[in-house]
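Visitor: Before we start, here is the structure in question, set down as structure tokens.
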Amino acid sequence: MKHTTTSGIEIKELYLSAKPMEEKPGEFPFTRGIQKDMYRGRLWTMRQYAGFSTAEESNKRYHYLLAQGTTGLSVAFDLPTQIGYDSDHEMADGEVGKVGVAIDSLKDMEILFDGIQLKDITTSMTINATASILLAMYIALAKKQGADLKQISGTIQNDILKEYAARGTYIYPPKQSMRLITDIFEFCSQEVPKWNTISISGYHIREAGSNAVQELAFTLANGKTYLKSAIDKGLDINVFAKRLSFFFNCHNNFFEEIAKFRAARRMWAKITKALGATDEKAQMLRFHTQTGGSTLTAQQPLNNVIRVTNQAMAAVLGGTQSLHTNGYDEALSLPTEAAAKIALRTQQIIGFESGVTDTVDPLAGSFFVENLTDEIESAAWRYIDKIDAMGGSVHAIESDYMQNEIAHAAYEYQKEIETGERISVGVNKFTQPEEEFTEVFKIDESIRKLQADKLSHLKNVRNRMAVEQALRLLEDGANGDANLMPLIIDAVEKYATLGEIADVMRKTFGEYR
């Protein structure tokens, strides 16, 4: 039998030595964690990714999760919202409210957070191509609530490069997309300094089929590209790099995942230092983890509770700052309330009962973990060196290099499942006749009409001339070199819709094909 990690790194039968541990937690290059006391000081933020149907329905789920003890919100948006179409657009047909909540205007954002004070929570928003618009809505709502923008905190994903490589929810060409991202960096560093302006995402790279080393390498290569773009715009790396965060996947190979997270911190510290960061906080890799959606099986779905627990434990032992645990039913549908509660309880039991939070980096010094951390780092550097030689991530994506590497890894993994070389419990071993699983979360098709009716009403009561003027100013800004965030916020506050704002930029920037 072959003993390798998912990345093909050979696992020896016995490890008899490792390089001596010379660093302490909270010190460069942060292999052992970014805080000296890690979870003894405070636990990770327990987020549950949620959003479906209308803003009204998602708001109910957020209040439910907050009542169950979640410590941060994480918003899932539907596909039309992600690619800049209002719910009444023909391209939105069949997709409104399906994989996330439909947000068409500031009015929907007001409903989404009804009864929730933005100054009291942190919110993560998984949004990329339209990140500037959703962030503008969040800022506009915070202002309406009377919050101090200097104090509100949260994260937008805002990572467009991985969309071209792995996920597909892009709108504009890479150059114009990078402009929007650096505009957000610049605006937030001045106006919303506690906001994490990008969450550089390996999660979707892994979900597309990459292995652990590719996830790490391609994510950090994209991060390096964002750093260089901001530096080229004249931004100070010691300021903006403090607000960059990462979003990683956690799959089933327990020790490989832990070693991946430790290697990630060490590599990012070296990358930022090489690009001029001297402030330790600008060298730190802070990350959110989500357990592996693609590892969940529709067969014997309750087995997924154990998979998620294993993955969550690896994320914690790897030093995550924030964690989402998937519902056991997510291979079948959006999670039910019961599944979401068990997923949250999984985190709480790890945090308060397991004892793994009592000491910092409890696996440090393990001959196996230290060697595996080194091997994953070396393999990831080989990828990054190759991408650098191509001219960086944008060129690697435009030449299909990343896409082809991910596709090859996905093919190899599936081949191993089908031949039985890799075991998936309940799928290719320990199988049984299909069991009845009746509680599946469904989204009503009438959602689109509800959203369309709300849009029609909004357009009848808003100040049409004010909207048209705000959109004209945005178009002028997009044709020039002004920072677009103030102009987008102004349009949002006039109740211009997401689709109207995205269309102004489509007209100016064009669309990526």
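Ligands are numbered from 1 in the order shown, residues from 1 within each chain, and chains are lettered A, B, ... in the order they appear in the structure tokens.
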Find the spatial neighbours of Glu511 in chain A, counting only C-alpha atoms, within a cut-off of 8 Å - ignore same-chain residues fewer than 2 positions away - and output them as a PyMOL selection string.
Guide: chain A and resi 171-173+506+509+513
Visitor: Can you write just those residues out, C-alpha atoms, as a short mmCIF file (atom, residue, chain, number, x, y, z; two decimals), in the first residue's frame?
Guide:
data_model
loop_
_atom_site.label_atom_id
_atom_site.label_comp_id
_atom_site.auth_asym_id
_atom_site.auth_seq_id
_atom_site.Cartn_x
_atom_site.Cartn_y
_atom_site.Cartn_z
CA ILE A 171 -17.03 40.00 -14.37
CA TYR A 172 -14.26 42.34 -15.53
CA PRO A 173 -10.84 41.65 -17.08
CA ARG A 506 -19.23 46.62 -17.41
CA PHE A 509 -14.22 48.04 -18.22
CA ARG A 513 -14.38 36.00 -21.55
#
Visitor: Can you tell me how far CA of Gly391 in chain A sits from CA of Arg266 in chain A, in Å to one decimal?
Guide: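 Between CA of Gly391 in chain A and CA of Arg266 in chain A the gap works out to 23.0 Å.
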Visitor: Just the residues within 7 Å of Ser199 in chain A, please, counting only C-alpha atoms, with nothing from its chain fewer than 2 positions along; format it as a PDB file with all heavy atoms, in the first residue's frame.
Guide:
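Full text of around29.pdb as output:
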ATOM      1  N   THR A 155     -14.497  41.248   7.037  1.00  0.00           N
ATOM      2  CA  THR A 155     -13.662  40.809   5.917  1.00  0.00           C
ATOM      3  C   THR A 155     -14.512  40.702   4.652  1.00  0.00           C
ATOM      4  O   THR A 155     -15.644  40.219   4.708  1.00  0.00           O
ATOM      5  CB  THR A 155     -13.058  39.413   6.210  1.00  0.00           C
ATOM      6  OG1 THR A 155     -12.340  39.452   7.441  1.00  0.00           O
ATOM      7  CG2 THR A 155     -12.130  38.967   5.092  1.00  0.00           C
ATOM      8  N   ILE A 156     -13.968  41.165   3.532  1.00  0.00           N
ATOM      9  CA  ILE A 156     -14.534  40.794   2.231  1.00  0.00           C
ATOM     10  C   ILE A 156     -13.522  39.875   1.563  1.00  0.00           C
ATOM     11  O   ILE A 156     -12.320  40.073   1.667  1.00  0.00           O
ATOM     12  CB  ILE A 156     -14.813  42.004   1.316  1.00  0.00           C
ATOM     13  CG1 ILE A 156     -13.672  43.021   1.379  1.00  0.00           C
ATOM     14  CG2 ILE A 156     -16.151  42.627   1.597  1.00  0.00           C
ATOM     15  CD1 ILE A 156     -13.777  44.111   0.346  1.00  0.00           C
ATOM     16  N   GLN A 157     -14.031  38.867   0.843  1.00  0.00           N
ATOM     17  CA  GLN A 157     -13.085  37.956   0.194  1.00  0.00           C
ATOM     18  C   GLN A 157     -12.270  38.708  -0.858  1.00  0.00           C
ATOM     19  O   GLN A 157     -11.047  38.706  -0.816  1.00  0.00           O
ATOM     20  CB  GLN A 157     -13.821  36.775  -0.424  1.00  0.00           C
ATOM     21  CG  GLN A 157     -12.865  35.665  -0.819  1.00  0.00           C
ATOM     22  CD  GLN A 157     -13.567  34.358  -1.021  1.00  0.00           C
ATOM     23  OE1 GLN A 157     -13.833  33.963  -2.153  1.00  0.00           O
ATOM     24  NE2 GLN A 157     -13.878  33.676   0.058  1.00  0.00           N
ATOM     25  N   ASN A 158     -12.922  39.334  -1.853  1.00  0.00           N
ATOM     26  CA  ASN A 158     -12.261  40.293  -2.741  1.00  0.00           C
ATOM     27  C   ASN A 158     -11.053  39.701  -3.467  1.00  0.00           C
ATOM     28  O   ASN A 158     -10.139  40.429  -3.842  1.00  0.00           O
ATOM     29  CB  ASN A 158     -11.828  41.530  -1.911  1.00  0.00           C
ATOM     30  CG  ASN A 158     -11.555  42.753  -2.766  1.00  0.00           C
ATOM     31  OD1 ASN A 158     -12.126  42.906  -3.836  1.00  0.00           O
ATOM     32  ND2 ASN A 158     -10.670  43.610  -2.296  1.00  0.00           N
ATOM     33  N   ASP A 159     -11.022  38.377  -3.632  1.00  0.00           N
ATOM     34  CA  ASP A 159      -9.876  37.697  -4.244  1.00  0.00           C
ATOM     35  C   ASP A 159     -10.276  37.252  -5.653  1.00  0.00           C
ATOM     36  O   ASP A 159     -10.780  36.158  -5.848  1.00  0.00           O
ATOM     37  CB  ASP A 159      -9.468  36.505  -3.376  1.00  0.00           C
ATOM     38  CG  ASP A 159      -8.387  35.642  -4.007  1.00  0.00           C
ATOM     39  OD1 ASP A 159      -7.811  36.064  -5.037  1.00  0.00           O
ATOM     40  OD2 ASP A 159      -8.115  34.556  -3.482  1.00  0.00           O
ATOM     41  N   SER A 201      -7.897  33.479  -1.074  1.00  0.00           N
ATOM     42  CA  SER A 201      -8.614  32.233  -0.840  1.00  0.00           C
ATOM     43  C   SER A 201      -7.988  31.027  -1.531  1.00  0.00           C
ATOM     44  O   SER A 201      -7.976  30.939  -2.760  1.00  0.00           O
ATOM     45  CB  SER A 201     -10.074  32.384  -1.309  1.00  0.00           C
ATOM     46  OG  SER A 201     -10.743  31.160  -1.179  1.00  0.00           O
ATOM     47  N   LEU A 244      -4.623  42.282   5.276  1.00  0.00           N
ATOM     48  CA  LEU A 244      -4.800  41.130   4.400  1.00  0.00           C
ATOM     49  C   LEU A 244      -5.009  39.885   5.251  1.00  0.00           C
ATOM     50  O   LEU A 244      -4.317  39.678   6.252  1.00  0.00           O
ATOM     51  CB  LEU A 244      -3.566  40.921   3.506  1.00  0.00           C
ATOM     52  CG  LEU A 244      -3.522  41.666   2.165  1.00  0.00           C
ATOM     53  CD1 LEU A 244      -3.666  43.160   2.350  1.00  0.00           C
ATOM     54  CD2 LEU A 244      -2.220  41.353   1.430  1.00  0.00           C
ATOM     55  N   SER A 245      -5.962  39.065   4.872  1.00  0.00           N
ATOM     56  CA  SER A 245      -6.148  37.791   5.560  1.00  0.00           C
ATOM     57  C   SER A 245      -6.266  36.689   4.518  1.00  0.00           C
ATOM     58  O   SER A 245      -6.353  36.953   3.320  1.00  0.00           O
ATOM     59  CB  SER A 245      -7.392  37.833   6.457  1.00  0.00           C
ATOM     60  OG  SER A 245      -8.562  37.961   5.682  1.00  0.00           O
ATOM     61  N   PHE A 246      -6.275  35.455   4.984  1.00  0.00           N
ATOM     62  CA  PHE A 246      -6.315  34.302   4.083  1.00  0.00           C
ATOM     63  C   PHE A 246      -7.481  33.390   4.458  1.00  0.00           C
ATOM     64  O   PHE A 246      -8.000  33.444   5.576  1.00  0.00           O
ATOM     65  CB  PHE A 246      -5.001  33.518   4.155  1.00  0.00           C
ATOM     66  CG  PHE A 246      -3.861  34.212   3.462  1.00  0.00           C
ATOM     67  CD1 PHE A 246      -3.175  35.249   4.079  1.00  0.00           C
ATOM     68  CD2 PHE A 246      -3.478  33.844   2.181  1.00  0.00           C
ATOM     69  CE1 PHE A 246      -2.141  35.907   3.444  1.00  0.00           C
ATOM     70  CE2 PHE A 246      -2.444  34.495   1.529  1.00  0.00           C
ATOM     71  CZ  PHE A 246      -1.766  35.526   2.165  1.00  0.00           C
ATOM     72  N   PHE A 247      -7.866  32.563   3.502  1.00  0.00           N
ATOM     73  CA  PHE A 247      -8.999  31.656   3.682  1.00  0.00           C
ATOM     74  C   PHE A 247      -8.579  30.294   3.124  1.00  0.00           C
ATOM     75  O   PHE A 247      -8.429  30.135   1.915  1.00  0.00           O
ATOM     76  CB  PHE A 247     -10.206  32.232   2.933  1.00  0.00           C
ATOM     77  CG  PHE A 247     -11.430  31.353   2.895  1.00  0.00           C
ATOM     78  CD1 PHE A 247     -11.657  30.348   3.820  1.00  0.00           C
ATOM     79  CD2 PHE A 247     -12.386  31.549   1.901  1.00  0.00           C
ATOM     80  CE1 PHE A 247     -12.792  29.555   3.769  1.00  0.00           C
ATOM     81  CE2 PHE A 247     -13.533  30.764   1.844  1.00  0.00           C
ATOM     82  CZ  PHE A 247     -13.725  29.759   2.778  1.00  0.00           C
TER      83      PHE A 247
END
Visitor: Need the shell around range 24-37 of chain A: protein/DNA/RNA residues with any atom at most 6 Å away, counting only C-alpha atoms. Skip same-chain ones fewer than 6 positions apart. Format as a list in words?
Guide: Arg262, Arg265, Arg266, Ala269, Gly319 and Asp361 of chain A
Visitor: Can you write just those residues out, C-alpha atoms, as a compact mmCIF listing (two decimals), in the first residue's frame?
Guide:
# COMPACT_ATOMS: atom_id res chain seq x y z
CA ARG A 262 2.38 25.97 9.75
CA ARG A 265 2.70 31.25 8.06
CA ARG A 266 6.42 30.75 7.58
CA ALA A 269 6.43 35.97 6.57
CA GLY A 319 -3.51 27.70 14.48
CA ASP A 361 1.25 24.64 19.00
Visitor: Determine, counting only C-alpha atoms, which protein, DNA and RNA residues have an atom within 8 Å of an atom of range 370-375 of chain A; residues of the same chain fewer than 5 positions away are not included. Present the result as a list of chain:residue names.
Guide: A:Ile9, A:Ala18, A:Lys19, A:Glu256, A:Ala259, A:Lys260, A:Arg262, A:Ala263, A:Ala364, A:Gly365
Visitor: What does the distance between CA of Ala50 in chain A and CA of Gly355 in chain A come to in Å, to one decimal place?
Guide: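 Taking CA of Ala50 in chain A as the start and CA of Gly355 in chain A as the end point, the length is 28.3 Å.
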Visitor: Among range 25-190 of chain A, which residues carry a DSSP assignment of helix (DSSP H, G or I), reported as a VMD selection string?
Guide: chain A and resid 38 to 40 55 to 68 79 to 82 90 to 92 106 to 112 118 to 120 131 to 145 161 to 167 174 to 190
Visitor: Can you tell me, as a list of chain:residue names, what residues are no more than 10 Å from Ala277 in chain A when counting only C-alpha atoms, ignoring any on the same chain fewer than 2 positions away?
Guide: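 In the requested format, the answer is A:Asp236, A:Ile237, A:Asn238, A:Val239, A:Ala241, A:Lys242, A:Ala269, A:Lys270, A:Ile271, A:Thr272, A:Lys273, A:Ala274, A:Leu275, A:Asp279, A:Glu280, A:Lys281, A:Ala282, A:Gln283.
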Visitor: Any chance you could list, as a list of chain:residue names, the residues in range 269-302 of chain A that come up strand (DSSP E) when DSSP is run on the backbone?
Guide: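 Of range 269-302 of chain A, only A:Phe287, A:His288, A:Thr289, A:Gln290, A:Thr291 fall in strand (DSSP E).
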Visitor: Neighbours of range 175-189 of chain A within 10 Å (only C-alpha atoms; same-chain residues fewer than 5 positions away dropped), as a VMD selection string?
Guide: chain A and resid 128 to 132 135 to 136 149 to 150 158 to 161 170 194 to 198 225 to 227 229 to 236 239 to 244 394 478 481 to 486 505 508 to 512
Visitor: Any idea what the distance is between CA of Phe254 in chain A and CA of Thr6 in chain A?
Guide: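 Between these atoms lies a distance of 10.7 Å.
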